[in-house]
Amino acid sequence: MTLHAPSGRIALVGDYLPRQCGIATFSHDVREALLGEFPEVDFPMIPVTDVAEGYAYPPEVRFEIIEQDIKSYQRAADFINFSDAEVVALQHEFGIYGGKAGSHVLTLMRELRIPVVSHLHTIMEEPEPPFRRVMEEIVRRSARLIVMTQRGRRILETVYGASPDRIDVIPHGIPDMPFVDPNFYKDQFGVEGRKVLLTFGLLTPFKGIEHMITALADVVRTVPDVVYIVLGATHPAVLRQEGERYRLKLERLVNELGLGRHVVFYNRFVGLKELKEFLGATDIYVTPYLMREQIASGTLSYAFGCGKAVVSTPYWHAEELLADGRGVLVPFADSAALARELTVLLQDEVRRSAMRKQAYLLGRKMIWSNVAHHFMSSYQKARMGTAEKRLVLKTLAEEPYRLPGLRFDHLRNLTDGTGLLHNATHCVPDFSQGYHTADNARALRFAMLLDETGDGGEVRALASTYASFLGHAFVPGTGRFHDRFSFQRQWPFDDSGSDEALGATVWALGTCVGRSGTLGWQRWAAQLFERALPALTRTAEPSTWALGLLGLQEYLRRLGGDRRAEQMRTDLAGRLMDRFRRHRQPDWRWFAPELGRHNASLSHALIAVGHGTGQTEMFDAGLESLGWLLSHQRTEAGHFRAMWGRETNTPAEFEQRPIEAGAAVSACLEAFAATRDSAWLEEARRAFEWFLGRNELGEALYDPVTGGCYDALHIDRLNLNQGTEATLAFLLALQEMRILEMALPTLAQPGETAA
C-alpha cells in the first residue's frame with residue numbers, strides 16, 4: 001500500500017533550538033527535513049523549556065511546555081487536541097521531561113486524543129522501577145515507536161513487551177556531504193599537514209575524553225604530527241551543577257602530559273555549517289564514551305555517514321554501526337588499547353580510505369531527505385491504524401482524581417536565613433515563637449520528597465537552610481536535638497530536646513539518605529543520622545519510635561545491610577508490637593489506653609517494617625490498628641475527623657489538627673502500596689479531602705492563594721492562623737498523593753481495584 005503525506009498538520013514535541021542539547025538539534029533537523037520533503041504539511045513545534053527565562057524560539061514554535069510544571073503538559077495536550085493535528089511526533093529522552101524519570105510526559109500522553117509516535121532516544125535494558133514504569137506506559141500509549149537500531153527493537157520487544165508490528169527502525173539522520181579529502185578543509189583551521197582526530201558534542205564526564213587524552217600521549221611518540229580537537233560546549237545541565245570542572249580537569253591532564261601542542265578545545269555549540277567543516281578536516285573520529293547502554297549517538301551517526309574512519313568504545317550504537325570492519329572498537333576506559341589502534345590506523349592510509357568509503361556508501365541511506373520519508377511513513381501508519389479518539393467531556397465521577405497544584409509561597413514566606421519560623425498570625429510570620437526543630441525536619445523531608453516528582457528546584461536552596469538548622473540543633477552529648485530556638489538566636493537553658501524533635505529529625509535524615517540523588521546530601525545526612533540513632537532507644541514514647549522507624553525504613557532503602565540500623569529497626573518495631581499486644585482489646589485496638597499525636601504514624605511504622613521485612617504478624621497488626629483508628633476518625637456523614645489528644649474511647653470533637661490528617665494520608669498510602677487494595681486509597685483520599693473542605697464544618701483548611709494551611713478546625717470555626725506545622729502537614733500529604741499519582745496511570749476511583 002502506498003502511503004501519501006497528509007495535507008494537514010503534524011505536531012512535533014521535544015527540545016528545540018536555541019536550547020543547547022542533542023535532542024534540540026535533532027528536533028530541529030527532523031523538522032527541517034520533513035518540511036523540505038513535505039512542504040504542504042504544517043509542522044508546529046512544541047518545545048520543552050528548562051530555564052525560567054525561556055529561549056528566543058523561532059516562529060514555528062506555537063506552544064511552550066515548562067519542564068517542571070505538570071499543568072503545562074495538560075495545557076499542551078489541550079492545545080494540540082484543539083489544533084487539528086493528525087499525529088503527534090514525540091521525541092523521548094528521560095532527562096528532558098520533568099518528574100521522576102521524566103514522568104511528566106505521561107500527563108501529556110494521557111490527555112492527547114490523537115495518535116502519538118514516540119521516537120525513543122534511550123532504551124534501558126535493565127531499568128530501575130521508576131524508569132520501567134514510565135517506559136512501559138509510553139509503549140502502551142504510543143501508536144507507533146521509532147528506534148534507531150535493531151538492538152533498540154529487541155529491547156522494546158523483550159523487556160517492555162512492545163508488539164513488533166508497531167516498531168519502526170529508522171537510522172539517525174545525517175547531513176548530505178560530499179566525499180572529499182580531509183586535507184581540503186585543514187588549512188582553514190591551521191592544521192594543514194597534520195593528522196586530525198576529532199570528538200564533538202556537548203561535553204559531559206560520560207564522554208571519556210580523559211582516556212583519549214591519556215592515549216594521545218602514546219600516539220604522539222609514533223605519530224608526532226597528530227592533533228586532537230575536542231569540539232563542543234559543556235552540557236548546560238552539567239554547567240549548572242558543576243560549572244567547568246570537567247573541562248578544567250581535561251585541560252590540566254593535557255598540561256601534565258605535555259600535550260599542549262596536540263590538543264585543541266573548541267568550547268562552542270556549533271551549527272551545522274561549522275560542523276561540516278570540522279568533520280571535513282577529520283582523519284579519524286573518536287568516541288571514547290563510557291556508557292555501554294547508549295542506544296543511539298547522533299555524533300557517531302554524523303561522523304560515520306559523512307565518511308569518516310571511526311575508533312570507538314563498544315557502546316550499543318557503535319557495536320551495531322561499526323560491525324563487519326566498518327570501524328574499530330576498543331574496550332571501555334582502556335587508554336592503551338585506544339593508543340594502539342589509533343597509532344596503527346593513522347599509519348595505514350589505505351585501510352583508512354577503505355573504511356571511509358564503506359561508511360560513506362552506507363551513509364547515503366541515512367541522509368535527512370531519505371530519513372524524512374521513513375518518518376512520514378511511520379506517522380501515516382499511526383494515523384491510519386488508530387481509530388480517532390473523540391474529545392469527550394467527562395462527568396465528575398468519570399474524571400480522574402485531580403490534586404491541587406503545589407504552591408511554595410507561604411513556605412518561603414516563613415523561611416528566613418536561620419530556618420523555618422513556627423507560627424504565623426493569619427499568613428504573616430510571627431517572630432515571637434521562634435523556630436521549632438520538628439518543623440525544620442518536616443520541611444527537609446518535604447524537600448526530599450519533591451525530588452520524587454522533579455519539583456525540588458524551587459525548594460532546594462531552602463532545604464540547605466533547614467538542614468543547617470538541624471545540624472545546629474544537634475546536641476553531641478545526648479545525641480538528641482534542641483527543640484526550640486528563639487528569634488534572638490538562643491536555645492533555652494533548660495532545653496534538653498523533645499522526643500518529637502528527635503523522631504521527626506531521624507525520619508527526615510533517613511529520607512535524605514534514601515531518596516536524595518545528591519551524594520553530598522546523602523553523606524551529610526548519613527553521618528548525622530548515625531549520631532542521632534542511639535538516642536531513639538532511650539525514649540519511652542511510642543510515637544517517637546514510630547517516626548524513627550519510618551526514618552530507618554527510608555535509610556535502609558539505600559543502605560540495606562547496615563547491621564546496626566537493621567538491629568535498631570528490629571528493636572524499636574519489637575517495642576511497638578509489645579505495646580500493641582499489651583493494650584489490644586476487642587473494642588480498643590491501639591498501642592496505649594489513650595490517643596496522642598501522630599496517631600496513624602504508629603500503624604504506618606508497623607505496616608512499613610512488617611511489609612519490608614516479611615513479618616506477617618507485624619504487618620497485620622499495622623493494618624488492623626490503622627483500620628480501627630480510621631473507623632474512629634470517621635463522622636456519621638462519612639467525613640474524616642482529625643482526632644488527637646488524650647481522649648479515652650471518645651472522639652475529640654475540638655481542635656482537629658492537620659498533622660493528624662497528614663499522618664492518616666501517609667499511613668493509608670503505605671497500606672495501599674503494600675496491599676494494592678483500593679479501599680486504602682479511598683481512605684487516603686478521605687483524609688486528604690479533610691484539608692479541602694470535606695469535614696464537619698465544610699470549610700477548607702488549605703488556602704490556595706498563599707499555599708498555606710489553617711492551624712486547626714474547632715467545633716464551630718477555623719483557626720485562621722497559617723502556622724508551619726499545619727502548612728507542612730498539608731504539603732507533605734499533597735506531595736505523597738502526587739508521588740502515587742505519578743506511579744499509577746490514574747488514581748483508582750472508589751470501588752476499583754488498582755492495577
# chains A, B, ... in the order shown; residues from 1 in each chain; ligands from 1
$ residues_around --residues "Lys100 of chain A" --least-positions-apart "5" --cutoff "8 Å" --atoms "only C-alpha atoms" --output "PyMOL selection string"
chain A and resi 130+451-454
$ write_last_selection --atoms "N, CA and C atoms" --output "mmCIF file, in the first residue's frame"
data_model
loop_
_atom_site.group_PDB
_atom_site.id
_atom_site.type_symbol
_atom_site.label_atom_id
_atom_site.label_comp_id
_atom_site.auth_asym_id
_atom_site.auth_seq_id
_atom_site.Cartn_x
_atom_site.Cartn_y
_atom_site.Cartn_z
ATOM 1 N N PRO A 130 11.278 3.203 38.553
ATOM 2 C CA PRO A 130 10.601 4.384 38.004
ATOM 3 C C PRO A 130 10.754 4.507 36.487
ATOM 4 N N ASP A 451 11.890 15.783 45.116
ATOM 5 C CA ASP A 451 12.752 15.201 44.088
ATOM 6 C C ASP A 451 12.089 14.014 43.396
ATOM 7 N N GLU A 452 11.164 13.344 44.091
ATOM 8 C CA GLU A 452 10.485 12.191 43.512
ATOM 9 C C GLU A 452 9.651 12.581 42.298
ATOM 10 N N THR A 453 9.173 13.803 42.268
ATOM 11 C CA THR A 453 8.368 14.260 41.141
ATOM 12 C C THR A 453 9.072 15.334 40.327
ATOM 13 N N GLY A 454 10.359 15.547 40.610
ATOM 14 C CA GLY A 454 11.120 16.511 39.836
ATOM 15 C C GLY A 454 10.788 17.952 40.129
#
$ select_by_dssp --residues "segment 31-194 of chain A" --states "helix (DSSP H, G or I)" --output "mmCIF file with N, CA and C atoms, in the first residue's frame"
data_model
loop_
_atom_site.group_PDB
_atom_site.id
_atom_site.type_symbol
_atom_site.label_atom_id
_atom_site.label_comp_id
_atom_site.auth_asym_id
_atom_site.auth_seq_id
_atom_site.Cartn_x
_atom_site.Cartn_y
_atom_site.Cartn_z
ATOM 1 N N ARG A 31 12.554 18.475 11.788
ATOM 2 C CA ARG A 31 11.554 19.382 11.230
ATOM 3 C C ARG A 31 12.005 19.935 9.878
ATOM 4 N N GLU A 32 13.273 20.333 9.785
ATOM 5 C CA GLU A 32 13.773 20.866 8.521
ATOM 6 C C GLU A 32 13.695 19.817 7.412
ATOM 7 N N ALA A 33 14.028 18.578 7.753
ATOM 8 C CA ALA A 33 13.987 17.512 6.754
ATOM 9 C C ALA A 33 12.557 17.236 6.302
ATOM 10 N N LEU A 34 11.626 17.180 7.260
ATOM 11 C CA LEU A 34 10.221 16.939 6.911
ATOM 12 C C LEU A 34 9.666 18.075 6.058
ATOM 13 N N LEU A 35 9.985 19.294 6.438
ATOM 14 C CA LEU A 35 9.485 20.451 5.705
ATOM 15 C C LEU A 35 10.051 20.478 4.289
ATOM 16 N N GLY A 36 11.307 20.062 4.159
ATOM 17 C CA GLY A 36 11.917 20.040 2.831
ATOM 18 C C GLY A 36 11.274 19.038 1.896
ATOM 19 N N GLU A 37 10.841 17.897 2.445
ATOM 20 C CA GLU A 37 10.243 16.849 1.618
ATOM 21 C C GLU A 37 8.729 16.954 1.511
ATOM 22 N N ILE A 70 3.804 20.504 35.795
ATOM 23 C CA ILE A 70 2.974 19.414 35.267
ATOM 24 C C ILE A 70 1.709 19.947 34.599
ATOM 25 N N LYS A 71 1.211 21.075 35.071
ATOM 26 C CA LYS A 71 -0.004 21.612 34.455
ATOM 27 C C LYS A 71 0.254 22.108 33.037
ATOM 28 N N SER A 72 1.471 22.508 32.727
ATOM 29 C CA SER A 72 1.747 22.968 31.368
ATOM 30 C C SER A 72 1.671 21.799 30.378
ATOM 31 N N TYR A 73 1.898 20.572 30.845
ATOM 32 C CA TYR A 73 1.743 19.400 29.978
ATOM 33 C C TYR A 73 0.263 19.180 29.661
ATOM 34 N N GLN A 74 -0.601 19.419 30.652
ATOM 35 C CA GLN A 74 -2.039 19.326 30.406
ATOM 36 C C GLN A 74 -2.492 20.396 29.421
ATOM 37 N N ARG A 75 -1.972 21.618 29.603
ATOM 38 C CA ARG A 75 -2.348 22.699 28.687
ATOM 39 C C ARG A 75 -1.841 22.414 27.274
ATOM 40 N N ALA A 76 -0.644 21.834 27.181
ATOM 41 C CA ALA A 76 -0.104 21.494 25.860
ATOM 42 C C ALA A 76 -0.977 20.458 25.163
ATOM 43 N N ALA A 77 -1.473 19.485 25.939
ATOM 44 C CA ALA A 77 -2.366 18.478 25.357
ATOM 45 C C ALA A 77 -3.641 19.129 24.829
ATOM 46 N N ASP A 78 -4.198 20.066 25.604
ATOM 47 C CA ASP A 78 -5.389 20.777 25.133
ATOM 48 C C ASP A 78 -5.090 21.543 23.844
ATOM 49 N N PHE A 79 -3.956 22.231 23.813
ATOM 50 C CA PHE A 79 -3.578 22.998 22.629
ATOM 51 C C PHE A 79 -3.493 22.092 21.406
ATOM 52 N N ILE A 80 -2.839 20.946 21.560
ATOM 53 C CA ILE A 80 -2.675 20.025 20.429
ATOM 54 C C ILE A 80 -4.019 19.434 20.021
ATOM 55 N N ASN A 81 -4.839 19.045 21.010
ATOM 56 C CA ASN A 81 -6.145 18.453 20.696
ATOM 57 C C ASN A 81 -7.021 19.408 19.894
ATOM 58 N N PHE A 94 14.587 10.541 28.732
ATOM 59 C CA PHE A 94 14.122 10.678 30.112
ATOM 60 C C PHE A 94 14.465 12.037 30.708
ATOM 61 N N GLY A 95 15.655 12.557 30.401
ATOM 62 C CA GLY A 95 16.138 13.751 31.071
ATOM 63 C C GLY A 95 15.508 15.053 30.630
ATOM 64 N N ILE A 96 14.733 15.056 29.551
ATOM 65 C CA ILE A 96 14.230 16.344 29.065
ATOM 66 C C ILE A 96 12.847 16.684 29.608
ATOM 67 N N LYS A 100 9.898 12.491 38.248
ATOM 68 C CA LYS A 100 10.798 11.357 38.470
ATOM 69 C C LYS A 100 10.846 10.525 37.197
ATOM 70 N N ALA A 101 12.039 10.274 36.695
ATOM 71 C CA ALA A 101 12.245 9.502 35.459
ATOM 72 C C ALA A 101 11.512 10.136 34.278
ATOM 73 N N GLY A 102 11.337 11.476 34.320
ATOM 74 C CA GLY A 102 10.659 12.167 33.219
ATOM 75 C C GLY A 102 9.185 11.850 33.114
ATOM 76 N N HIS A 104 6.493 13.399 33.844
ATOM 77 C CA HIS A 104 5.520 14.426 33.442
ATOM 78 C C HIS A 104 5.026 14.217 32.007
ATOM 79 N N VAL A 105 5.839 13.604 31.173
ATOM 80 C CA VAL A 105 5.415 13.397 29.781
ATOM 81 C C VAL A 105 4.183 12.502 29.711
ATOM 82 N N LEU A 106 3.994 11.651 30.714
ATOM 83 C CA LEU A 106 2.819 10.775 30.719
ATOM 84 C C LEU A 106 1.539 11.584 30.864
ATOM 85 N N THR A 107 1.609 12.701 31.580
ATOM 86 C CA THR A 107 0.438 13.578 31.704
ATOM 87 C C THR A 107 0.018 14.079 30.335
ATOM 88 N N LEU A 108 0.977 14.468 29.524
ATOM 89 C CA LEU A 108 0.684 14.898 28.157
ATOM 90 C C LEU A 108 0.043 13.769 27.363
ATOM 91 N N MET A 109 0.650 12.577 27.417
ATOM 92 C CA MET A 109 0.169 11.463 26.599
ATOM 93 C C MET A 109 -1.225 11.007 27.018
ATOM 94 N N ARG A 110 -1.522 11.051 28.332
ATOM 95 C CA ARG A 110 -2.837 10.619 28.809
ATOM 96 C C ARG A 110 -3.957 11.513 28.311
ATOM 97 N N GLU A 111 -3.641 12.801 28.087
ATOM 98 C CA GLU A 111 -4.675 13.764 27.703
ATOM 99 C C GLU A 111 -4.837 13.913 26.191
ATOM 100 N N PRO A 129 12.956 0.698 38.728
ATOM 101 C CA PRO A 129 11.483 0.699 38.666
ATOM 102 C C PRO A 129 10.842 1.968 38.132
ATOM 103 N N PRO A 130 11.278 3.203 38.553
ATOM 104 C CA PRO A 130 10.601 4.384 38.004
ATOM 105 C C PRO A 130 10.754 4.507 36.487
ATOM 106 N N PHE A 131 11.942 4.168 35.958
ATOM 107 C CA PHE A 131 12.170 4.256 34.520
ATOM 108 C C PHE A 131 11.370 3.177 33.781
ATOM 109 N N ARG A 132 11.271 1.991 34.382
ATOM 110 C CA ARG A 132 10.479 0.934 33.759
ATOM 111 C C ARG A 132 9.008 1.352 33.658
ATOM 112 N N ARG A 133 8.468 1.902 34.755
ATOM 113 C CA ARG A 133 7.056 2.289 34.738
ATOM 114 C C ARG A 133 6.785 3.328 33.660
ATOM 115 N N VAL A 134 7.669 4.321 33.560
ATOM 116 C CA VAL A 134 7.467 5.374 32.560
ATOM 117 C C VAL A 134 7.542 4.795 31.150
ATOM 118 N N MET A 135 8.564 3.979 30.880
ATOM 119 C CA MET A 135 8.715 3.439 29.532
ATOM 120 C C MET A 135 7.568 2.496 29.172
ATOM 121 N N GLU A 136 7.126 1.682 30.123
ATOM 122 C CA GLU A 136 6.022 0.773 29.831
ATOM 123 C C GLU A 136 4.760 1.537 29.450
ATOM 124 N N GLU A 137 4.509 2.661 30.137
ATOM 125 C CA GLU A 137 3.312 3.423 29.783
ATOM 126 C C GLU A 137 3.490 4.152 28.458
ATOM 127 N N ILE A 138 4.692 4.627 28.166
ATOM 128 C CA ILE A 138 4.938 5.238 26.853
ATOM 129 C C ILE A 138 4.685 4.213 25.749
ATOM 130 N N VAL A 139 5.191 3.012 25.932
ATOM 131 C CA VAL A 139 4.982 1.952 24.940
ATOM 132 C C VAL A 139 3.496 1.678 24.774
ATOM 133 N N ARG A 140 2.784 1.625 25.895
ATOM 134 C CA ARG A 140 1.356 1.301 25.843
ATOM 135 C C ARG A 140 0.541 2.406 25.173
ATOM 136 N N ARG A 141 0.930 3.650 25.373
ATOM 137 C CA ARG A 141 0.125 4.761 24.867
ATOM 138 C C ARG A 141 0.543 5.246 23.483
ATOM 139 N N GLN A 150 18.611 -1.919 15.598
ATOM 140 C CA GLN A 150 17.955 -3.205 15.762
ATOM 141 C C GLN A 150 17.989 -3.644 17.225
ATOM 142 N N ARG A 151 19.043 -3.277 17.931
ATOM 143 C CA ARG A 151 19.102 -3.627 19.353
ATOM 144 C C ARG A 151 17.979 -2.941 20.120
ATOM 145 N N GLY A 152 17.705 -1.690 19.765
ATOM 146 C CA GLY A 152 16.596 -0.997 20.392
ATOM 147 C C GLY A 152 15.285 -1.725 20.171
ATOM 148 N N ARG A 153 15.079 -2.222 18.971
ATOM 149 C CA ARG A 153 13.873 -3.009 18.675
ATOM 150 C C ARG A 153 13.794 -4.235 19.584
ATOM 151 N N ARG A 154 14.912 -4.961 19.717
ATOM 152 C CA ARG A 154 14.903 -6.194 20.510
ATOM 153 C C ARG A 154 14.590 -5.899 21.978
ATOM 154 N N ILE A 155 15.154 -4.803 22.511
ATOM 155 C CA ILE A 155 14.896 -4.468 23.907
ATOM 156 C C ILE A 155 13.431 -4.094 24.109
ATOM 157 N N LEU A 156 12.867 -3.321 23.196
ATOM 158 C CA LEU A 156 11.453 -2.961 23.302
ATOM 159 C C LEU A 156 10.567 -4.207 23.326
ATOM 160 N N GLU A 157 10.898 -5.174 22.515
ATOM 161 C CA GLU A 157 10.085 -6.382 22.435
ATOM 162 C C GLU A 157 10.256 -7.255 23.679
ATOM 163 N N THR A 158 11.507 -7.490 24.101
ATOM 164 C CA THR A 158 11.765 -8.469 25.155
ATOM 165 C C THR A 158 11.595 -7.896 26.560
ATOM 166 N N VAL A 159 11.962 -6.628 26.759
ATOM 167 C CA VAL A 159 11.910 -6.040 28.104
ATOM 168 C C VAL A 159 10.572 -5.353 28.363
ATOM 169 N N TYR A 160 10.024 -4.677 27.343
ATOM 170 C CA TYR A 160 8.820 -3.873 27.550
ATOM 171 C C TYR A 160 7.578 -4.441 26.867
ATOM 172 N N PRO A 164 5.978 -6.187 17.805
ATOM 173 C CA PRO A 164 6.936 -5.910 16.715
ATOM 174 C C PRO A 164 6.341 -5.086 15.580
ATOM 175 N N ASP A 165 5.046 -5.264 15.311
ATOM 176 C CA ASP A 165 4.456 -4.557 14.172
ATOM 177 C C ASP A 165 4.173 -3.083 14.463
ATOM 178 N N ARG A 166 4.481 -2.629 15.682
ATOM 179 C CA ARG A 166 4.335 -1.194 15.997
ATOM 180 C C ARG A 166 5.682 -0.486 16.055
ATOM 181 N N ASN A 183 42.292 16.866 3.661
ATOM 182 C CA ASN A 183 43.263 17.948 3.524
ATOM 183 C C ASN A 183 42.647 19.202 2.907
ATOM 184 N N PHE A 184 41.515 19.035 2.209
ATOM 185 C CA PHE A 184 40.850 20.165 1.563
ATOM 186 C C PHE A 184 40.398 21.204 2.597
ATOM 187 N N TYR A 185 40.034 20.743 3.824
ATOM 188 C CA TYR A 185 39.487 21.643 4.847
ATOM 189 C C TYR A 185 40.514 22.080 5.892
ATOM 190 N N LYS A 186 41.666 21.442 5.943
ATOM 191 C CA LYS A 186 42.551 21.618 7.094
ATOM 192 C C LYS A 186 43.171 23.008 7.203
ATOM 193 N N ASP A 187 43.417 23.651 6.067
ATOM 194 C CA ASP A 187 44.115 24.930 6.133
ATOM 195 C C ASP A 187 43.303 26.002 6.855
ATOM 196 N N GLN A 188 41.954 25.918 6.785
ATOM 197 C CA GLN A 188 41.154 26.953 7.441
ATOM 198 C C GLN A 188 41.177 26.832 8.970
ATOM 199 N N PHE A 189 41.654 25.698 9.485
ATOM 200 C CA PHE A 189 41.812 25.523 10.927
ATOM 201 C C PHE A 189 43.273 25.602 11.352
#
$ select_by_dssp --residues "segment 190-356 of chain A" --states "strand (DSSP E)" --output "list in words"
Lys195, Val196, Leu197, Leu198, Thr199, Phe200, Val226, Val227, Tyr228, Ile229, Val230, Leu231, Val263, Val264, Phe265, Tyr266, Ile284, Tyr285, Val286, Thr287, Ala309, Val310, Val311, Ser312, Val328 and Leu329 of chain A
$ write_last_selection --atoms "N, CA and C atoms" --output "tab-separated table (two decimals), in the first residue's frame"
chain	number	residue	atom	x	y	z
A	195	LYS	N	47.68	15.12	11.05
A	195	LYS	CA	46.59	14.15	11.16
A	195	LYS	C	45.62	14.67	12.23
A	196	VAL	N	44.34	14.70	11.88
A	196	VAL	CA	43.35	15.29	12.77
A	196	VAL	C	42.43	14.21	13.35
A	197	LEU	N	42.38	14.19	14.67
A	197	LEU	CA	41.41	13.37	15.41
A	197	LEU	C	40.35	14.31	15.96
A	198	LEU	N	39.10	13.86	15.98
A	198	LEU	CA	38.00	14.73	16.41
A	198	LEU	C	37.03	13.98	17.31
A	199	THR	N	36.60	14.65	18.38
A	199	THR	CA	35.41	14.25	19.16
A	199	THR	C	34.55	15.48	19.27
A	200	PHE	N	33.26	15.38	18.95
A	200	PHE	CA	32.41	16.56	19.09
A	200	PHE	C	31.12	16.19	19.83
A	226	VAL	N	50.14	14.56	14.92
A	226	VAL	CA	48.72	14.40	15.18
A	226	VAL	C	48.20	15.55	16.05
A	227	VAL	N	46.95	15.94	15.85
A	227	VAL	CA	46.28	16.94	16.69
A	227	VAL	C	44.88	16.42	17.00
A	228	TYR	N	44.46	16.59	18.23
A	228	TYR	CA	43.15	16.10	18.70
A	228	TYR	C	42.28	17.30	19.02
A	229	ILE	N	41.12	17.41	18.34
A	229	ILE	CA	40.18	18.51	18.53
A	229	ILE	C	38.99	18.01	19.35
A	230	VAL	N	38.73	18.69	20.47
A	230	VAL	CA	37.54	18.41	21.29
A	230	VAL	C	36.57	19.56	21.03
A	231	LEU	N	35.53	19.28	20.28
A	231	LEU	CA	34.63	20.32	19.79
A	231	LEU	C	33.30	20.26	20.54
A	263	VAL	N	46.48	19.22	21.42
A	263	VAL	CA	45.06	19.19	21.80
A	263	VAL	C	44.47	20.58	21.65
A	264	VAL	N	43.30	20.64	21.03
A	264	VAL	CA	42.56	21.89	20.86
A	264	VAL	C	41.18	21.72	21.49
A	265	PHE	N	40.82	22.59	22.43
A	265	PHE	CA	39.46	22.63	22.98
A	265	PHE	C	38.72	23.78	22.30
A	266	TYR	N	37.66	23.43	21.58
A	266	TYR	CA	36.86	24.45	20.91
A	266	TYR	C	35.53	24.52	21.66
A	284	ILE	N	40.30	10.83	11.58
A	284	ILE	CA	39.68	9.76	12.38
A	284	ILE	C	38.77	10.41	13.41
A	285	TYR	N	37.56	9.91	13.49
A	285	TYR	CA	36.62	10.36	14.51
A	285	TYR	C	36.69	9.39	15.69
A	286	VAL	N	36.71	9.93	16.92
A	286	VAL	CA	36.88	9.10	18.11
A	286	VAL	C	35.72	9.33	19.08
A	287	THR	N	35.09	8.24	19.54
A	287	THR	CA	34.09	8.34	20.62
A	287	THR	C	34.51	7.39	21.74
A	309	ALA	N	36.66	7.59	9.10
A	309	ALA	CA	37.13	6.41	9.82
A	309	ALA	C	36.84	6.65	11.30
A	310	VAL	N	36.35	5.63	12.00
A	310	VAL	CA	35.91	5.80	13.38
A	310	VAL	C	36.58	4.78	14.29
A	311	VAL	N	37.07	5.28	15.44
A	311	VAL	CA	37.54	4.42	16.52
A	311	VAL	C	36.66	4.72	17.73
A	312	SER	N	36.08	3.69	18.33
A	312	SER	CA	35.08	3.91	19.37
A	312	SER	C	35.12	2.82	20.42
A	328	VAL	N	36.57	0.68	14.14
A	328	VAL	CA	37.41	-0.04	15.10
A	328	VAL	C	36.82	0.13	16.49
A	329	LEU	N	36.65	-0.97	17.23
A	329	LEU	CA	36.12	-0.94	18.58
A	329	LEU	C	37.23	-1.28	19.57
$ closest_residue --among "A:Ala162, A:Leu692, A:Leu536, A:Ala671" --to "Cys709 of chain A" --atoms "only C-alpha atoms"
A:Leu692
$ residues_around --residues "Arg597 of chain A" --least-positions-apart "5" --cutoff "12 Å" --atoms "only C-alpha atoms" --output "ChimeraX atom specification"
/A:499-500,541-544,546-547,602,642-647,656-664
$ write_last_selection --atoms "N, CA and C atoms" --output "short mmCIF file (atom, residue, chain, number, x, y, z; two decimals), in the first residue's frame"
data_model
loop_
_atom_site.label_atom_id
_atom_site.label_comp_id
_atom_site.auth_asym_id
_atom_site.auth_seq_id
_atom_site.Cartn_x
_atom_site.Cartn_y
_atom_site.Cartn_z
N ASP A 499 11.11 14.56 72.39
CA ASP A 499 11.05 13.30 71.66
C ASP A 499 10.55 13.53 70.23
N GLU A 500 9.61 14.46 70.07
CA GLU A 500 9.08 14.72 68.73
C GLU A 500 10.15 15.28 67.81
N GLU A 541 8.51 6.99 74.31
CA GLU A 541 7.31 7.48 73.63
C GLU A 541 7.08 6.68 72.34
N PRO A 542 5.99 5.91 72.24
CA PRO A 542 5.75 5.10 71.03
C PRO A 542 5.73 5.90 69.74
N SER A 543 5.21 7.14 69.77
CA SER A 543 5.17 7.92 68.54
C SER A 543 6.58 8.26 68.05
N THR A 544 7.52 8.46 69.00
CA THR A 544 8.91 8.71 68.61
C THR A 544 9.53 7.47 67.99
N ALA A 546 7.91 5.29 66.35
CA ALA A 546 7.30 5.15 65.03
C ALA A 546 7.96 6.07 64.01
N LEU A 547 8.15 7.34 64.38
CA LEU A 547 8.81 8.27 63.45
C LEU A 547 10.23 7.81 63.15
N LEU A 602 1.96 5.38 64.07
CA LEU A 602 2.28 4.14 64.76
C LEU A 602 1.91 2.95 63.88
N ALA A 642 -10.00 14.62 62.24
CA ALA A 642 -8.59 14.63 62.63
C ALA A 642 -8.46 14.55 64.15
N MET A 643 -8.84 13.38 64.71
CA MET A 643 -8.87 13.19 66.15
C MET A 643 -7.45 13.08 66.71
N TRP A 644 -7.24 13.68 67.85
CA TRP A 644 -5.95 13.62 68.52
C TRP A 644 -6.17 13.91 70.00
N GLY A 645 -5.12 13.98 70.79
CA GLY A 645 -5.23 14.36 72.18
C GLY A 645 -5.23 13.17 73.11
N ARG A 646 -5.64 13.38 74.32
CA ARG A 646 -5.57 12.36 75.37
C ARG A 646 -6.97 11.86 75.73
N GLU A 647 -7.86 11.79 74.74
CA GLU A 647 -9.21 11.32 74.99
C GLU A 647 -9.24 9.80 74.99
N GLN A 656 -9.47 19.90 65.77
CA GLN A 656 -8.89 18.88 64.89
C GLN A 656 -7.65 19.46 64.23
N ARG A 657 -6.57 18.69 64.24
CA ARG A 657 -5.27 19.19 63.80
C ARG A 657 -4.86 18.61 62.44
N PRO A 658 -4.32 19.46 61.56
CA PRO A 658 -3.86 18.98 60.25
C PRO A 658 -2.81 17.87 60.33
N ILE A 659 -1.97 17.87 61.38
CA ILE A 659 -0.92 16.87 61.44
C ILE A 659 -1.50 15.46 61.55
N GLU A 660 -2.70 15.32 62.15
CA GLU A 660 -3.33 14.01 62.23
C GLU A 660 -3.89 13.58 60.88
N ALA A 661 -4.44 14.51 60.13
CA ALA A 661 -4.92 14.19 58.78
C ALA A 661 -3.74 13.80 57.88
N GLY A 662 -2.64 14.55 58.00
CA GLY A 662 -1.46 14.23 57.20
C GLY A 662 -0.91 12.86 57.53
N ALA A 663 -0.86 12.51 58.82
CA ALA A 663 -0.36 11.19 59.22
C ALA A 663 -1.26 10.09 58.67
N ALA A 664 -2.57 10.33 58.65
CA ALA A 664 -3.50 9.33 58.12
C ALA A 664 -3.31 9.13 56.62
#
$ atom_distance --atom1 "atom CA of Ser498 of chain A" --atom2 "atom CA of Leu414 of chain A"
22.0 Å
$ residues_around --residues "Gly479 of chain A" --least-positions-apart "6" --cutoff "7 Å" --atoms "only C-alpha atoms" --output "NGL selection string"
:A and (531-532 or 535)
$ write_last_selection --atoms "C-alpha atoms" --output "mmCIF file, in the first residue's frame"
data_model
loop_
_atom_site.group_PDB
_atom_site.id
_atom_site.type_symbol
_atom_site.label_atom_id
_atom_site.label_comp_id
_atom_site.auth_asym_id
_atom_site.auth_seq_id
_atom_site.Cartn_x
_atom_site.Cartn_y
_atom_site.Cartn_z
ATOM 1 C CA ARG A 531 24.985 10.046 65.639
ATOM 2 C CA ALA A 532 21.285 10.549 66.471
ATOM 3 C CA ALA A 535 19.001 8.347 71.392
#
$ residues_around --residues "segment 550-564 of chain A" --least-positions-apart "5" --cutoff "7 Å" --atoms "only C-alpha atoms" --output "list in words"
Val506, Trp507, Ala508, Leu509, Gly510, Thr511, Val513, Gly514, Arg569, Ala605 and Val609 of chain A
